[in-house]
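**Student:** Structure file work_8.pdb (PDB, C-alpha atoms) is given on the next line.
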```
ATOM      1  CA  SER A  20     100.161 117.355  68.977
ATOM      2  CA  THR A  21     103.234 115.193  69.501
ATOM      3  CA  ALA A  22     102.057 114.155  72.956
ATOM      4  CA  ILE A  23     101.520 110.547  73.982
ATOM      5  CA  GLY A  24      99.323 109.384  76.834
ATOM      6  CA  LEU A  25     101.061 107.902  79.873
ATOM      7  CA  VAL A  26      98.782 106.253  82.447
ATOM      8  CA  LEU A  27     100.060 105.253  85.902
ATOM      9  CA  ASN A  28      98.311 103.116  88.513
ATOM     10  CA  LEU A  29      99.756 102.932  92.006
ATOM     11  CA  GLU A  30      98.351 101.081  94.991
ATOM     12  CA  ARG A  31      96.375 103.041  97.522
ATOM     13  CA  GLU A  32      96.260 102.237 101.185
ATOM     14  CA  ALA A  33      92.871 101.776 102.873
ATOM     15  CA  GLU A  34      92.786 105.367 104.109
ATOM     16  CA  PRO A  35      93.057 108.033 101.417
ATOM     17  CA  HIS A  36      95.986 110.444 101.486
ATOM     18  CA  LYS A  37      94.871 113.337 103.651
ATOM     19  CA  GLU A  38      97.093 115.809 101.799
ATOM     20  CA  LEU A  39      96.486 114.620  98.238
ATOM     21  CA  ARG A  40      93.154 115.086  96.456
ATOM     22  CA  SER A  41      92.252 114.788  92.769
ATOM     23  CA  PHE A  42      93.692 117.657  90.732
ATOM     24  CA  THR A  43      94.926 118.699  87.310
ATOM     25  CA  VAL A  44      98.376 119.959  86.336
ATOM     26  CA  ARG A  45      99.284 122.403  83.574
ATOM     27  CA  PRO A  46     102.840 123.320  82.563
ATOM     28  CA  ILE A  47     102.439 126.758  84.207
ATOM     29  CA  ASP A  48     101.457 125.282  87.608
ATOM     30  CA  PRO A  49     104.107 124.711  90.304
ATOM     31  CA  THR A  50     103.945 120.928  89.846
ATOM     32  CA  GLY A  51     104.068 121.441  86.078
ATOM     33  CA  LYS A  52     107.219 123.511  86.443
ATOM     34  CA  GLN A  53     108.760 120.730  88.564
ATOM     35  CA  LEU A  54     107.963 118.196  85.857
ATOM     36  CA  ALA A  55     109.479 120.451  83.185
ATOM     37  CA  ALA A  56     112.607 121.018  85.302
ATOM     38  CA  ALA A  57     112.985 117.235  85.547
ATOM     39  CA  GLY A  58     112.892 116.952  81.751
ATOM     40  CA  VAL A  59     109.311 115.718  81.598
ATOM     41  CA  GLY A  60     107.817 117.865  78.851
ATOM     42  CA  PHE A  61     104.036 117.508  78.858
ATOM     43  CA  GLU A  62     100.813 119.248  77.851
ATOM     44  CA  PHE A  63      98.421 118.277  80.642
ATOM     45  CA  ALA A  64      98.252 115.903  83.602
ATOM     46  CA  GLU A  65      95.578 114.750  86.018
ATOM     47  CA  TYR A  66      95.737 112.906  89.330
ATOM     48  CA  LEU A  67      92.680 111.002  90.539
ATOM     49  CA  GLN A  68      92.365 109.212  93.828
ATOM     50  CA  GLY A  69      89.989 106.254  93.535
ATOM     51  CA  GLU A  70      90.630 102.563  94.073
ATOM     52  CA  THR A  71      94.182 103.352  92.977
ATOM     53  CA  HIS A  72      96.328 106.437  92.640
ATOM     54  CA  TYR A  73      95.647 107.131  88.967
ATOM     55  CA  ILE A  74      97.791 109.568  87.013
ATOM     56  CA  VAL A  75      97.384 110.359  83.336
ATOM     57  CA  ILE A  76      99.761 112.704  81.570
ATOM     58  CA  THR A  77     100.036 113.755  77.940
ATOM     59  CA  ILE A  78     103.794 113.561  77.707
ATOM     60  CA  LYS A  79     105.760 114.851  74.748
ATOM     61  CA  LYS A  80     107.358 112.306  72.457
ATOM     62  CA  ALA A  81     110.696 114.154  72.754
ATOM     63  CA  ALA A  82     110.634 113.638  76.543
ATOM     64  CA  LEU A  83     110.052 109.896  76.097
ATOM     65  CA  ILE A  84     112.999 109.714  73.706
ATOM     66  CA  ASP A  85     115.245 111.839  75.951
ATOM     67  CA  LYS A  86     114.380 109.666  78.965
ATOM     68  CA  GLY A  87     115.205 106.511  76.971
ATOM     69  CA  VAL A  88     111.650 105.168  77.183
ATOM     70  CA  LEU A  89     111.422 105.149  73.397
ATOM     71  CA  ARG A  90     114.533 103.838  71.691
ATOM     72  CA  ALA A  91     113.934 105.724  68.425
ATOM     73  CA  ASP A  92     111.588 108.220  66.805
ATOM     74  CA  LEU A  93     109.747 105.815  64.504
ATOM     75  CA  PRO A  94     106.567 106.215  62.438
ATOM     76  CA  SER A  95     103.279 106.037  64.382
ATOM     77  CA  ALA A  96     102.599 102.374  63.615
ATOM     78  CA  GLU A  97     105.960 101.336  65.100
ATOM     79  CA  LEU A  98     106.493 104.004  67.761
ATOM     80  CA  LEU A  99     104.886 102.269  70.758
ATOM     81  CA  THR A 100     105.798  98.693  69.875
ATOM     82  CA  ALA A 101     107.585  96.444  72.367
ATOM     83  CA  ALA A 102     110.711  96.536  70.197
ATOM     84  CA  ASN A 103     110.925 100.327  70.562
ATOM     85  CA  LEU A 104     110.061 100.486  74.268
ATOM     86  CA  ASP A 105     112.426 100.219  77.229
ATOM     87  CA  GLU A 106     110.193  98.980  80.086
ATOM     88  CA  ASP A 107     112.779  99.738  82.790
ATOM     89  CA  ALA A 108     113.119 103.326  81.570
ATOM     90  CA  LEU A 109     109.308 103.588  81.471
ATOM     91  CA  MET A 110     109.066 102.505  85.115
ATOM     92  CA  ARG A 111     111.823 104.960  86.125
ATOM     93  CA  LEU A 112     109.910 107.763  84.393
ATOM     94  CA  ALA A 113     106.655 106.591  86.003
ATOM     95  CA  ARG A 114     108.259 106.733  89.458
ATOM     96  CA  GLN A 115     109.648 110.202  88.759
ATOM     97  CA  VAL A 116     106.238 111.526  87.638
ATOM     98  CA  ALA A 117     104.421 109.931  90.593
ATOM     99  CA  THR A 118     106.914 111.396  93.073
ATOM    100  CA  ILE A 119     106.736 114.889  91.591
ATOM    101  CA  VAL A 120     102.930 114.714  91.643
ATOM    102  CA  GLY A 121     103.157 114.074  95.394
ATOM    103  CA  LEU A 122     103.150 110.349  96.073
ATOM    104  CA  PRO A 123     105.834 108.946  98.373
ATOM    105  CA  GLU A 124     108.612 107.018  96.597
ATOM    106  CA  SER A 125     107.570 103.987  98.650
ATOM    107  CA  THR A 126     104.097 103.844  97.035
ATOM    108  CA  PRO A 127     104.024 100.545  95.119
ATOM    109  CA  PHE A 128     102.809 100.303  91.549
ATOM    110  CA  CYS A 129      99.793  98.107  90.864
ATOM    111  CA  ASP A 130     100.563  94.613  89.583
ATOM    112  CA  VAL A 131      98.235  95.079  86.608
ATOM    113  CA  HIS A 132      98.905  97.998  84.243
ATOM    114  CA  PRO A 133     101.349  99.902  86.448
ATOM    115  CA  ALA A 134     102.431 102.176  83.573
ATOM    116  CA  LYS A 135     101.086 102.195  80.021
ATOM    117  CA  LEU A 136     101.616 104.371  76.968
ATOM    118  CA  PHE A 137      99.016 105.082  74.288
ATOM    119  CA  ASP A 138      98.803 107.407  71.330
ATOM    120  CA  PHE A 139      95.926 109.456  69.990
ATOM    121  CA  SER A 140      96.317 108.477  66.349
ATOM    122  CA  SER A 141      93.464 105.965  66.253
ATOM    123  CA  ARG A 142      89.981 105.623  67.683
ATOM    124  CA  ALA A 143      88.396 102.698  69.441
ATOM    125  CA  ARG A 144      84.750 101.879  69.931
ATOM    126  CA  CYS A 145      83.012  99.837  72.588
ATOM    127  CA  ALA A 146      82.229  96.295  71.494
ATOM    128  CA  ALA A 147      79.305  96.114  73.932
ATOM    129  CA  PRO A 148      76.770  98.743  75.068
ATOM    130  CA  PHE A 149      77.729  98.208  78.717
ATOM    131  CA  ARG A 150      80.343  96.593  80.895
ATOM    132  CA  VAL A 151      80.072  94.919  84.273
ATOM    133  CA  LEU A 152      81.799  96.936  86.989
ATOM    134  CA  GLY A 153      81.333  94.439  89.804
ATOM    135  CA  VAL A 154      80.004  90.930  90.457
ATOM    136  CA  LYS A 155      78.693  89.612  93.769
ATOM    137  CA  GLY A 156      81.109  86.952  94.988
ATOM    138  CA  ALA A 157      79.160  85.158  97.734
ATOM    139  CA  GLY A 158      75.766  84.704  99.350
ATOM    140  CA  PRO A 159      72.341  85.076  97.748
ATOM    141  CA  GLY A 160      72.637  86.376  94.213
ATOM    142  CA  ARG A 161      76.214  85.092  93.867
ATOM    143  CA  GLY A 162      77.494  85.921  90.388
ATOM    144  CA  SER A 163      74.956  88.700  89.794
ATOM    145  CA  ALA A 164      76.105  92.121  88.623
ATOM    146  CA  LEU A 165      76.494  94.713  91.380
ATOM    147  CA  ALA A 166      77.076  97.639  89.040
ATOM    148  CA  VAL A 167      76.956  98.028  85.309
ATOM    149  CA  ASP A 168      77.052 100.845  82.830
ATOM    150  CA  LEU A 169      74.129 102.775  81.401
ATOM    151  CA  GLU A 170      72.523 100.224  79.088
ATOM    152  CA  ALA A 171      71.905  97.745  81.903
ATOM    153  CA  GLN A 172      69.990 100.210  84.090
ATOM    154  CA  PRO A 173      66.303 100.185  83.006
ATOM    155  CA  TYR A 174      65.555 103.813  83.980
ATOM    156  CA  LEU A 175      68.725 105.170  82.398
ATOM    157  CA  ARG A 176      68.238 103.021  79.307
ATOM    158  CA  ARG A 177      64.675 104.384  78.888
ATOM    159  CA  GLU A 178      65.851 107.968  79.357
ATOM    160  CA  GLU A 179      68.689 107.527  76.882
ATOM    161  CA  THR A 180      66.277 105.960  74.361
ATOM    162  CA  ALA A 181      63.835 108.862  74.821
ATOM    163  CA  PHE A 182      66.672 111.350  74.281
ATOM    164  CA  PHE A 183      67.753 109.641  71.064
ATOM    165  CA  GLU A 184      64.144 109.474  69.837
ATOM    166  CA  ARG A 185      63.762 113.233  70.431
ATOM    167  CA  ALA A 186      67.102 113.901  68.753
ATOM    168  CA  ARG A 187      66.105 111.757  65.768
ATOM    169  CA  ALA A 188      62.746 113.545  65.412
ATOM    170  CA  GLU A 189      64.504 116.927  65.533
ATOM    171  CA  ALA A 190      67.057 115.791  62.945
ATOM    172  CA  GLU A 191      64.330 114.426  60.642
ATOM    173  CA  ALA A 192      62.408 117.715  60.949
ATOM    174  CA  ALA A 193      65.580 119.657  60.057
ATOM    175  CA  VAL A 194      66.132 117.433  57.013
ATOM    176  CA  ALA A 195      62.490 117.921  55.943
ATOM    177  CA  ARG A 196      62.906 121.736  56.221
ATOM    178  CA  CYS A 197      66.066 121.533  54.093
ATOM    179  CA  ASP A 198      64.277 119.353  51.512
ATOM    180  CA  ALA A 199      61.405 121.855  51.329
ATOM    181  CA  GLU A 200      63.849 124.746  50.938
ATOM    182  CA  ILE A 201      65.707 122.893  48.158
ATOM    183  CA  ALA A 202      62.407 122.184  46.359
ATOM    184  CA  GLU A 203      61.395 125.842  46.692
ATOM    185  CA  LEU A 204      64.763 127.049  45.376
ATOM    186  CA  THR A 205      64.688 124.538  42.511
ATOM    187  CA  GLU A 206      61.209 125.762  41.525
ATOM    188  CA  ALA A 207      62.333 129.405  41.692
ATOM    189  CA  ILE A 208      65.383 128.645  39.519
ATOM    190  CA  GLU A 209      63.222 126.838  36.964
ATOM    191  CA  ARG A 210      60.762 129.793  36.864
ATOM    192  CA  SER A 211      63.640 132.227  36.412
ATOM    193  CA  ALA A 212      65.130 130.108  33.644
ATOM    194  CA  ALA A 213      61.731 129.859  31.894
ATOM    195  CA  THR A 214      61.287 133.640  32.125
ATOM    196  CA  LEU A 215      64.729 134.244  30.617
ATOM    197  CA  THR A 216      64.108 131.878  27.667
ATOM    198  CA  SER A 217      60.712 133.337  26.771
TER
END
```
Please re-express this file's structure in structure tokens.
**Tutor:**
Amino acid sequence: STAIGLVLNLEREAEPHKELRSFTVRPIDPTGKQLAAAGVGFEFAEYLQGETHYIVITIKKAALIDKGVLRADLPSAELLTAANLDEDALMRLARQVATIVGLPESTPFCDVHPAKLFDFSSRARCAAPFRVLGVKGAGPGRGSALAVDLEAQPYLRREETAFFERARAEAEAAVARCDAEIAELTEAIERSAATLTS
């Protein structure tokens, strides 16, 4: 795939858009055809309405070059560097995508990470088994975590541990069966070889 991820975050008013709900977009959908007609070649897009209007689209590298977002078609390691990126063109493209998806042109972008590009050529791993999603700011328990990922929830942690223990036992049993089969085959080969030499 020559697609690159484009993530957009736009501010959401207190009341959710009545007309706009989370949805996906494929090139054959009406919205997908609008994007293609606007020169935004893509493979897949998704709109999610949460704390922000969140749009992620796997946009084709050729579209980013044609729109002037990428200055040149460089090797992977250099493609998404600041030197090869036109931020103003990126924001123009982001506005165009957001508008076609159905957000009013007046919808402001978030101050933090309004539009970001990423490629799929490398993997990343979590540095910690959980992350804090919210911290209580005032009153009793100030500074305590309001919500965290799986590892910090005792019940979920126990269930995940039990799952991995079962999976490990099943894997060890499968390995033991393979070892036994190998030993049996090795013995049969040795018997056959002994029969042939005698």
**Student:** Neighbours of segment 71-79 of chain A within 8 Å (all atoms listed in the file; same-chain residues fewer than 5 positions away dropped), as an mmCIF file with C-alpha atoms, keeping the file's coordinate frame?
**Tutor:**
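Contents of result_12.cif, as written:
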```
data_model
loop_
_atom_site.group_PDB
_atom_site.id
_atom_site.type_symbol
_atom_site.label_atom_id
_atom_site.label_comp_id
_atom_site.auth_asym_id
_atom_site.auth_seq_id
_atom_site.Cartn_x
_atom_site.Cartn_y
_atom_site.Cartn_z
ATOM 1 C CA THR A 21 103.234 115.193 69.501
ATOM 2 C CA ALA A 22 102.057 114.155 72.956
ATOM 3 C CA ILE A 23 101.520 110.547 73.982
ATOM 4 C CA GLY A 24 99.323 109.384 76.834
ATOM 5 C CA LEU A 25 101.061 107.902 79.873
ATOM 6 C CA VAL A 26 98.782 106.253 82.447
ATOM 7 C CA LEU A 27 100.060 105.253 85.902
ATOM 8 C CA ASN A 28 98.311 103.116 88.513
ATOM 9 C CA LEU A 29 99.756 102.932 92.006
ATOM 10 C CA GLU A 30 98.351 101.081 94.991
ATOM 11 C CA ARG A 31 96.375 103.041 97.522
ATOM 12 C CA VAL A 59 109.311 115.718 81.598
ATOM 13 C CA GLY A 60 107.817 117.865 78.851
ATOM 14 C CA PHE A 61 104.036 117.508 78.858
ATOM 15 C CA GLU A 62 100.813 119.248 77.851
ATOM 16 C CA PHE A 63 98.421 118.277 80.642
ATOM 17 C CA ALA A 64 98.252 115.903 83.602
ATOM 18 C CA GLU A 65 95.578 114.750 86.018
ATOM 19 C CA TYR A 66 95.737 112.906 89.330
ATOM 20 C CA ALA A 117 104.421 109.931 90.593
ATOM 21 C CA CYS A 129 99.793 98.107 90.864
#
```
**Student:** Which residue gives the smallest distance to Ala108 of chain A among A:Gly121, A:Gly58, A:Pro49, A:Gly87, with only C-alpha atoms counted?
**Tutor:** A:Gly87
**Student:** Report the distance between atom CA of Leu67 of chain A and atom CA of Ser41 of chain A in Å, rounded to one decimal place.
**Tutor:**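 We find that atom CA of Leu67 of chain A and atom CA of Ser41 of chain A lie 4.4 Å from each other.
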**Student:** Which residues, written as a list in words, have at least one atom at most 10 Å from Gln53 of chain A, with all atoms listed in the file counted and residues fewer than 5 positions away on the same chain left out?
**Tutor:**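 The filter keeps Pro46, Ile47, Asp48, Gly58, Val59, Val116, Ile119 and Val120 of chain A.
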**Student:** For Thr126 of chain A, which residue among A:Arg114, A:Leu215, A:Thr205, A:Glu97 is the nearest when counting all atoms listed in the file?
**Tutor:**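 The closest residue to Thr126 of chain A is A:Arg114.
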**Student:** From the set A:Leu122, A:Ile201, A:Ala207, A:Met110, which residue has the shortest atom-to-atom contact distance to Leu136 of chain A, counting all atoms listed in the file?
**Tutor:**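 Answer, going by the shortest atom-to-atom distance: A:Met110.
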**Student:** I'd like the residues picked by the PyMOL selection byres ((chain A and resi 90-95) around 9) written out as a VMD selection string, using the chain letters and numbers from the file.
**Tutor:** chain A and resid 80 to 81 83 to 84 87 to 89 96 to 99 102 to 105 138 140
**Student:** Could you tell me how far atom CA of Glu106 of chain A lies from atom CA of Gly69 of chain A, in Å and to one decimal?
**Tutor:**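 Those two atoms sit 25.3 Å apart.
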**Student:** What separation in Å, quoted to one decimal, exists between atom CA of Gln68 of chain A and atom CA of Lys52 of chain A?
**Tutor:** 21.9 Å
**Student:** Quick one: segment 74-85 of chain A with all heavy atoms, as a PDB file, in the coordinates of the input?
**Tutor:**
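Done, and the output landed in selection-v3.pdb:
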```pdb
ATOM      1  N   ILE A  74      97.200 108.373  87.609  1.00  0.00           N
ATOM      2  CA  ILE A  74      97.791 109.568  87.013  1.00  0.00           C
ATOM      3  C   ILE A  74      97.789 109.382  85.505  1.00  0.00           C
ATOM      4  O   ILE A  74      98.224 108.343  85.001  1.00  0.00           O
ATOM      5  CB  ILE A  74      99.238 109.797  87.498  1.00  0.00           C
ATOM      6  CG1 ILE A  74      99.280 109.923  89.024  1.00  0.00           C
ATOM      7  CG2 ILE A  74      99.845 111.023  86.830  1.00  0.00           C
ATOM      8  CD1 ILE A  74     100.676 109.832  89.620  1.00  0.00           C
ATOM      9  N   VAL A  75      97.300 110.365  84.800  1.00  0.00           N
ATOM     10  CA  VAL A  75      97.384 110.359  83.336  1.00  0.00           C
ATOM     11  C   VAL A  75      98.059 111.663  82.917  1.00  0.00           C
ATOM     12  O   VAL A  75      97.765 112.723  83.464  1.00  0.00           O
ATOM     13  CB  VAL A  75      96.004 110.183  82.663  1.00  0.00           C
ATOM     14  CG1 VAL A  75      95.074 111.330  82.982  1.00  0.00           C
ATOM     15  CG2 VAL A  75      96.153 110.012  81.173  1.00  0.00           C
ATOM     16  N   ILE A  76      99.000 111.543  82.005  1.00  0.00           N
ATOM     17  CA  ILE A  76      99.761 112.704  81.570  1.00  0.00           C
ATOM     18  C   ILE A  76      99.979 112.615  80.064  1.00  0.00           C
ATOM     19  O   ILE A  76     100.311 111.550  79.548  1.00  0.00           O
ATOM     20  CB  ILE A  76     101.100 112.799  82.349  1.00  0.00           C
ATOM     21  CG1 ILE A  76     101.927 114.002  81.908  1.00  0.00           C
ATOM     22  CG2 ILE A  76     101.902 111.527  82.263  1.00  0.00           C
ATOM     23  CD1 ILE A  76     103.133 114.287  82.820  1.00  0.00           C
ATOM     24  N   THR A  77      99.741 113.716  79.378  1.00  0.00           N
ATOM     25  CA  THR A  77     100.036 113.755  77.940  1.00  0.00           C
ATOM     26  C   THR A  77     101.473 114.252  77.814  1.00  0.00           C
ATOM     27  O   THR A  77     101.745 115.439  77.859  1.00  0.00           O
ATOM     28  CB  THR A  77      99.062 114.672  77.179  1.00  0.00           C
ATOM     29  OG1 THR A  77      99.000 115.931  77.828  1.00  0.00           O
ATOM     30  CG2 THR A  77      97.682 114.069  77.103  1.00  0.00           C
ATOM     31  N   ILE A  78     102.357 113.285  77.695  1.00  0.00           N
ATOM     32  CA  ILE A  78     103.794 113.561  77.707  1.00  0.00           C
ATOM     33  C   ILE A  78     104.307 113.707  76.279  1.00  0.00           C
ATOM     34  O   ILE A  78     103.844 113.028  75.371  1.00  0.00           O
ATOM     35  CB  ILE A  78     104.535 112.441  78.484  1.00  0.00           C
ATOM     36  CG1 ILE A  78     105.965 112.826  78.759  1.00  0.00           C
ATOM     37  CG2 ILE A  78     104.415 111.114  77.788  1.00  0.00           C
ATOM     38  CD1 ILE A  78     106.624 111.955  79.812  1.00  0.00           C
ATOM     39  N   LYS A  79     105.236 114.604  76.096  1.00  0.00           N
ATOM     40  CA  LYS A  79     105.760 114.851  74.748  1.00  0.00           C
ATOM     41  C   LYS A  79     106.670 113.715  74.305  1.00  0.00           C
ATOM     42  O   LYS A  79     107.428 113.160  75.091  1.00  0.00           O
ATOM     43  CB  LYS A  79     106.475 116.189  74.702  1.00  0.00           C
ATOM     44  CG  LYS A  79     105.517 117.329  74.984  1.00  0.00           C
ATOM     45  CD  LYS A  79     106.056 118.652  74.602  1.00  0.00           C
ATOM     46  CE  LYS A  79     104.977 119.689  74.867  1.00  0.00           C
ATOM     47  NZ  LYS A  79     105.204 120.917  74.207  1.00  0.00           N
ATOM     48  N   LYS A  80     106.562 113.388  73.026  1.00  0.00           N
ATOM     49  CA  LYS A  80     107.358 112.306  72.457  1.00  0.00           C
ATOM     50  C   LYS A  80     108.847 112.560  72.691  1.00  0.00           C
ATOM     51  O   LYS A  80     109.595 111.638  73.020  1.00  0.00           O
ATOM     52  CB  LYS A  80     107.060 112.171  70.967  1.00  0.00           C
ATOM     53  CG  LYS A  80     107.838 111.085  70.282  1.00  0.00           C
ATOM     54  CD  LYS A  80     107.359 110.801  68.874  1.00  0.00           C
ATOM     55  CE  LYS A  80     107.495 111.970  67.955  1.00  0.00           C
ATOM     56  NZ  LYS A  80     107.207 111.635  66.538  1.00  0.00           N
ATOM     57  N   ALA A  81     109.278 113.809  72.553  1.00  0.00           N
ATOM     58  CA  ALA A  81     110.696 114.154  72.754  1.00  0.00           C
ATOM     59  C   ALA A  81     111.151 113.784  74.164  1.00  0.00           C
ATOM     60  O   ALA A  81     112.274 113.311  74.359  1.00  0.00           O
ATOM     61  CB  ALA A  81     110.923 115.637  72.482  1.00  0.00           C
ATOM     62  N   ALA A  82     110.278 113.988  75.161  1.00  0.00           N
ATOM     63  CA  ALA A  82     110.634 113.638  76.543  1.00  0.00           C
ATOM     64  C   ALA A  82     110.803 112.132  76.687  1.00  0.00           C
ATOM     65  O   ALA A  82     111.719 111.669  77.384  1.00  0.00           O
ATOM     66  CB  ALA A  82     109.571 114.149  77.514  1.00  0.00           C
ATOM     67  N   LEU A  83     109.940 111.358  76.029  1.00  0.00           N
ATOM     68  CA  LEU A  83     110.052 109.896  76.097  1.00  0.00           C
ATOM     69  C   LEU A  83     111.344 109.413  75.442  1.00  0.00           C
ATOM     70  O   LEU A  83     111.982 108.475  75.916  1.00  0.00           O
ATOM     71  CB  LEU A  83     108.842 109.242  75.430  1.00  0.00           C
ATOM     72  CG  LEU A  83     107.503 109.455  76.143  1.00  0.00           C
ATOM     73  CD1 LEU A  83     106.352 108.963  75.280  1.00  0.00           C
ATOM     74  CD2 LEU A  83     107.496 108.766  77.496  1.00  0.00           C
ATOM     75  N   ILE A  84     111.741 110.074  74.374  1.00  0.00           N
ATOM     76  CA  ILE A  84     112.999 109.714  73.706  1.00  0.00           C
ATOM     77  C   ILE A  84     114.186 110.124  74.571  1.00  0.00           C
ATOM     78  O   ILE A  84     115.113 109.339  74.802  1.00  0.00           O
ATOM     79  CB  ILE A  84     113.058 110.345  72.295  1.00  0.00           C
ATOM     80  CG1 ILE A  84     111.991 109.698  71.403  1.00  0.00           C
ATOM     81  CG2 ILE A  84     114.453 110.192  71.690  1.00  0.00           C
ATOM     82  CD1 ILE A  84     111.751 110.407  70.082  1.00  0.00           C
ATOM     83  N   ASP A  85     114.143 111.349  75.101  1.00  0.00           N
ATOM     84  CA  ASP A  85     115.245 111.839  75.951  1.00  0.00           C
ATOM     85  C   ASP A  85     115.425 110.992  77.204  1.00  0.00           C
ATOM     86  O   ASP A  85     116.546 110.779  77.663  1.00  0.00           O
ATOM     87  CB  ASP A  85     114.997 113.298  76.373  1.00  0.00           C
ATOM     88  CG  ASP A  85     115.099 114.270  75.208  1.00  0.00           C
ATOM     89  OD1 ASP A  85     115.622 113.881  74.135  1.00  0.00           O
ATOM     90  OD2 ASP A  85     114.634 115.413  75.361  1.00  0.00           O
TER      91      ASP A  85
END
```
